[in-house]
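upload.txt, holding compact mmCIF, C-alpha atoms and all ligand atoms:
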# COMPACT_ATOMS: atom_id res chain seq x y z
CA MET A 13 0.00 0.00 0.00
CA GLN A 14 1.23 3.45 -0.85
CA GLN A 15 1.27 5.88 2.02
CA LEU A 16 -0.61 9.11 1.47
CA PRO A 17 1.27 12.27 2.38
CA LEU A 18 0.22 13.62 5.75
CA PRO A 19 -1.54 16.98 5.61
CA ASN A 20 1.07 18.48 7.91
CA ALA A 21 4.04 16.95 6.02
CA ARG A 22 7.02 19.29 5.86
CA VAL A 23 7.72 21.02 2.56
CA PRO A 24 11.15 19.83 1.41
CA GLY A 25 13.88 22.41 1.88
CA PRO A 26 16.11 23.65 -0.98
CA VAL A 27 18.79 20.99 -0.33
CA ALA A 28 16.21 18.20 -0.48
CA ARG A 29 14.75 19.70 -3.66
CA ILE A 30 18.18 19.83 -5.36
CA ALA A 31 18.96 16.29 -4.19
CA GLY A 32 15.63 15.13 -5.59
CA ARG A 33 16.33 16.78 -8.93
CA LEU A 34 19.85 15.30 -9.02
CA ALA A 35 18.40 11.83 -8.38
CA LEU A 36 16.08 12.30 -11.37
CA VAL A 37 19.00 13.36 -13.61
CA LEU A 38 21.09 10.39 -12.45
CA ALA A 39 18.18 8.02 -13.09
CA ALA A 40 17.84 9.43 -16.63
CA LEU A 41 21.58 8.98 -17.25
CA ALA A 42 21.45 5.41 -15.97
CA THR A 43 18.61 4.68 -18.42
CA VAL A 44 20.72 5.94 -21.32
CA ALA A 45 23.81 4.05 -20.15
CA ALA A 46 21.82 0.81 -19.88
CA GLY A 47 20.82 1.16 -23.56
CA ALA A 48 23.41 -0.98 -25.27
CA PRO A 49 24.17 -4.47 -24.00
CA ALA A 50 27.75 -4.68 -22.72
CA GLY A 51 30.13 -6.45 -25.09
CA VAL A 52 27.62 -6.94 -27.92
CA VAL A 53 28.62 -5.63 -31.35
CA VAL A 54 27.12 -5.61 -34.85
CA GLN A 55 29.66 -6.36 -37.58
CA ARG A 56 29.41 -5.83 -41.37
CA PRO A 57 25.78 -4.63 -41.39
CA TRP A 58 23.98 -4.06 -44.70
CA LEU A 59 20.52 -4.13 -46.20
CA ARG A 60 19.93 -5.74 -49.59
CA SER A 61 17.40 -3.87 -51.69
CA ILE A 62 16.53 -5.79 -54.86
CA ILE A 63 13.41 -3.85 -55.95
CA PRO A 64 12.79 -0.60 -53.98
CA SER A 65 9.09 -1.32 -53.31
CA ARG A 66 9.76 -4.90 -52.19
CA PRO A 67 10.95 -6.07 -48.73
CA ALA A 68 14.70 -5.63 -48.16
CA ALA A 69 16.79 -8.14 -46.21
CA GLY A 70 19.27 -7.15 -43.48
CA TYR A 71 22.52 -9.03 -42.98
CA PHE A 72 25.21 -8.73 -40.29
CA THR A 73 27.11 -10.66 -37.67
CA LEU A 74 25.95 -10.23 -34.09
CA ARG A 75 28.85 -10.89 -31.72
CA ASN A 76 28.61 -11.27 -27.96
CA ASN A 77 31.99 -10.67 -26.29
CA SER A 78 30.44 -10.82 -22.83
CA GLY A 79 30.01 -13.78 -20.51
CA THR A 80 26.23 -13.35 -20.44
CA ALA A 81 23.95 -15.13 -22.90
CA LEU A 82 21.20 -12.98 -24.43
CA ARG A 83 18.32 -13.35 -26.83
CA LEU A 84 17.58 -11.05 -29.73
CA VAL A 85 13.83 -10.48 -29.46
CA GLY A 86 13.10 -7.80 -32.05
CA ALA A 87 14.25 -5.12 -34.46
CA SER A 88 12.97 -1.81 -35.75
CA SER A 89 14.02 0.94 -38.15
CA PRO A 90 12.58 4.27 -39.28
CA GLY A 91 13.26 2.91 -42.79
CA CYS A 92 10.82 0.01 -42.42
CA ALA A 93 7.16 -0.13 -41.44
CA THR A 94 8.06 -3.36 -39.64
CA LEU A 95 11.38 -5.10 -39.31
CA MET A 96 11.02 -8.81 -38.62
CA LEU A 97 13.38 -11.58 -37.56
CA HIS A 98 13.32 -14.15 -40.37
CA ARG A 99 15.00 -17.40 -41.23
CA SER A 100 15.32 -18.85 -44.70
CA MET A 101 14.83 -22.60 -44.82
CA ASN A 102 14.79 -25.30 -47.44
CA MET A 103 11.56 -27.24 -47.14
CA GLY A 104 11.36 -30.17 -49.56
CA GLY A 105 13.54 -28.43 -52.12
CA GLN A 106 11.59 -25.18 -51.80
CA GLU A 107 13.30 -22.11 -50.40
CA THR A 108 10.97 -20.54 -47.86
CA MET A 109 11.19 -18.12 -44.93
CA VAL A 110 9.66 -18.23 -41.49
CA MET A 111 9.31 -15.56 -38.83
CA VAL A 112 11.23 -16.34 -35.65
CA PRO A 113 10.18 -14.87 -32.27
CA SER A 114 13.73 -14.68 -30.90
CA ILE A 115 17.29 -15.80 -31.60
CA ALA A 116 19.71 -17.02 -28.93
CA LEU A 117 23.03 -15.17 -28.68
CA PRO A 118 25.38 -17.32 -26.61
CA ALA A 119 28.01 -15.88 -24.27
CA HIS A 120 31.33 -15.41 -26.13
CA GLY A 121 29.54 -16.41 -29.32
CA ALA A 122 28.09 -14.98 -32.52
CA VAL A 123 25.07 -15.35 -34.78
CA VAL A 124 25.51 -14.77 -38.51
CA PHE A 125 22.69 -13.18 -40.47
CA ALA A 126 23.35 -14.10 -44.10
CA PRO A 127 21.54 -15.08 -47.31
CA GLY A 128 20.00 -18.54 -46.87
CA GLY A 129 19.75 -18.23 -43.08
CA TYR A 130 18.80 -15.68 -40.46
CA HIS A 131 18.03 -12.19 -41.75
CA LEU A 132 16.06 -9.07 -40.91
CA MET A 133 13.06 -8.48 -43.18
CA CYS A 134 12.31 -4.81 -43.83
CA MET A 135 8.63 -4.59 -44.77
CA GLN A 136 7.30 -1.56 -46.67
CA PRO A 137 10.74 0.03 -46.99
CA ALA A 138 10.90 3.83 -46.99
CA ALA A 139 12.39 5.81 -49.89
CA THR A 140 15.69 5.96 -47.96
CA VAL A 141 16.06 2.18 -48.34
CA LYS A 142 17.75 2.29 -51.74
CA PRO A 143 21.29 1.35 -52.84
CA GLY A 144 23.70 4.07 -51.72
CA GLY A 145 21.50 5.04 -48.79
CA ALA A 146 21.71 4.08 -45.13
CA VAL A 147 19.21 3.60 -42.30
CA PRO A 148 19.57 3.10 -38.54
CA VAL A 149 18.49 -0.30 -37.26
CA THR A 150 17.71 -0.91 -33.59
CA LEU A 151 18.04 -4.41 -32.19
CA ARG A 152 16.14 -5.27 -29.01
CA PHE A 153 17.33 -7.85 -26.50
CA SER A 154 15.63 -10.02 -23.88
CA ASN A 155 17.08 -7.95 -21.00
CA GLY A 156 15.50 -4.76 -22.39
CA ASP A 157 18.76 -3.41 -23.84
CA THR A 158 18.81 -1.98 -27.37
CA LEU A 159 21.62 -1.51 -29.88
CA THR A 160 21.33 0.89 -32.82
CA THR A 161 23.62 0.53 -35.86
CA THR A 162 23.64 2.24 -39.26
CA PHE A 163 22.96 -0.24 -42.08
CA PRO A 164 24.20 0.86 -45.51
CA VAL A 165 21.86 -0.20 -48.33
CA ARG A 166 23.27 -2.13 -51.29
CA ASN A 167 21.80 -3.74 -54.40
CA ALA A 168 21.20 -7.44 -55.12
CA THR A 169 24.87 -8.07 -55.82
CA GLY A 170 25.96 -6.39 -52.59
CA ARG A 171 27.25 -3.18 -54.23
CU CU A 201 12.59 -12.88 -44.98
Just dump the structure as structure tokens.
Ligand SMILES: [Cu+2]
Amino acid sequence: MQQLPLPNARVPGPVARIAGRLALVLAALATVAAGAPAGVVVQRPWLRSIIPSRPAAGYFTLRNNSGTALRLVGASSPGCATLMLHRSMNMGGQETMVMVPSIALPAHGAVVFAPGGYHLMCMQPAATVKPGGAVPVTLRFSNGDTLTTTFPVRNATGR
């Protein structure tokens, strides 16, 4: 139960007010500092845009240099209406893709997002998602941390 302030409660003095404000500032700084997961890096990011109006695929290597296992649970970008975690699979000779809810990132390990396997799927790409352009991509982890990286956009042949 939350205690209601007493009617005759003392008004905090100037020192208490400054301390209270400082606590708020420190809390805000801590929130920013907790943004990126410690020791996790995105390497060689790029988005492949084949036809501008069609979904673009995002490729990179996600490396975890920390001793703590994490899960990648989502992604977003201002360049995509939705950015999904996908996996390409071969089902009975047919290349198909499925949406995956999360991807495990082991401690001192890496997950490779590459053609034929895991990738990000950029649905309804914005005009900025065209070869020569670049868009920020934010990855979201199971512990609430996020990591934003700039993904250059290249064409079907990776140029
Ligand atoms: Cu896909």
Selected residue of minimal separation from Ala50 in chain A among A:Pro90, A:Gly104, A:Pro143, A:Gly79, counting all atoms listed in the file: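 Checking each of A:Pro90, A:Gly104, A:Pro143, A:Gly79 against Ala50 in chain A, counting all atoms listed in the file, the winner is A:Gly79.
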Pick from A:Arg66, A:His98, A:Arg166, A:His120 nearest to ligand CU 201 (chain A), counting all atoms listed in the file: A:His98
Counting all atoms listed in the file, what residues are within 12 Å of ligand CU 201 (chain A), given as a PyMOL selection string? chain A and resi 59-60+66-71+94-101+107-112+125-135
How many Å lie between CA of Val165 in chain A and CA of Arg152 in chain A, rounded to one decimal?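 We find that CA of Val165 in chain A and CA of Arg152 in chain A lie 20.8 Å from each other.
Relative to CA of Gly145 in chain A, CA of Thr73 in chain A is found at 20.0 Å.
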Select, from A:Ala93, A:Ala81, A:Val149, A:Met103, the residue with the minimum atom-to-atom distance to Ala116 in chain A, counting all atoms listed in the file.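 The closest residue to Ala116 in chain A is A:Ala81.
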Between A:Ala122, A:Leu117, A:Leu151, A:Val54, which one has atoms that come closest to Phe72 in chain A, using only C-alpha atoms? A:Val54
Mind giving me the straight-line distance from CA of Ala119 in chain A to CA of Asn77 in chain A in Å, one decimal?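 Atom-to-atom, CA of Ala119 in chain A to CA of Asn77 in chain A, that is 6.9 Å.
Considering the residues A:Val124, A:Leu82, A:Ala87, A:Ala139 and counting all atoms listed in the file, Arg56 in chain A has its shortest atom-to-atom contact with A:Val124.
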Go through A:Pro64, A:Pro137, A:Pro113, A:Pro57 and flag the residue nearest Ser154 in chain A, using all atoms listed in the file for the distances.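 Smallest separation from Ser154 in chain A among the options: A:Pro113.
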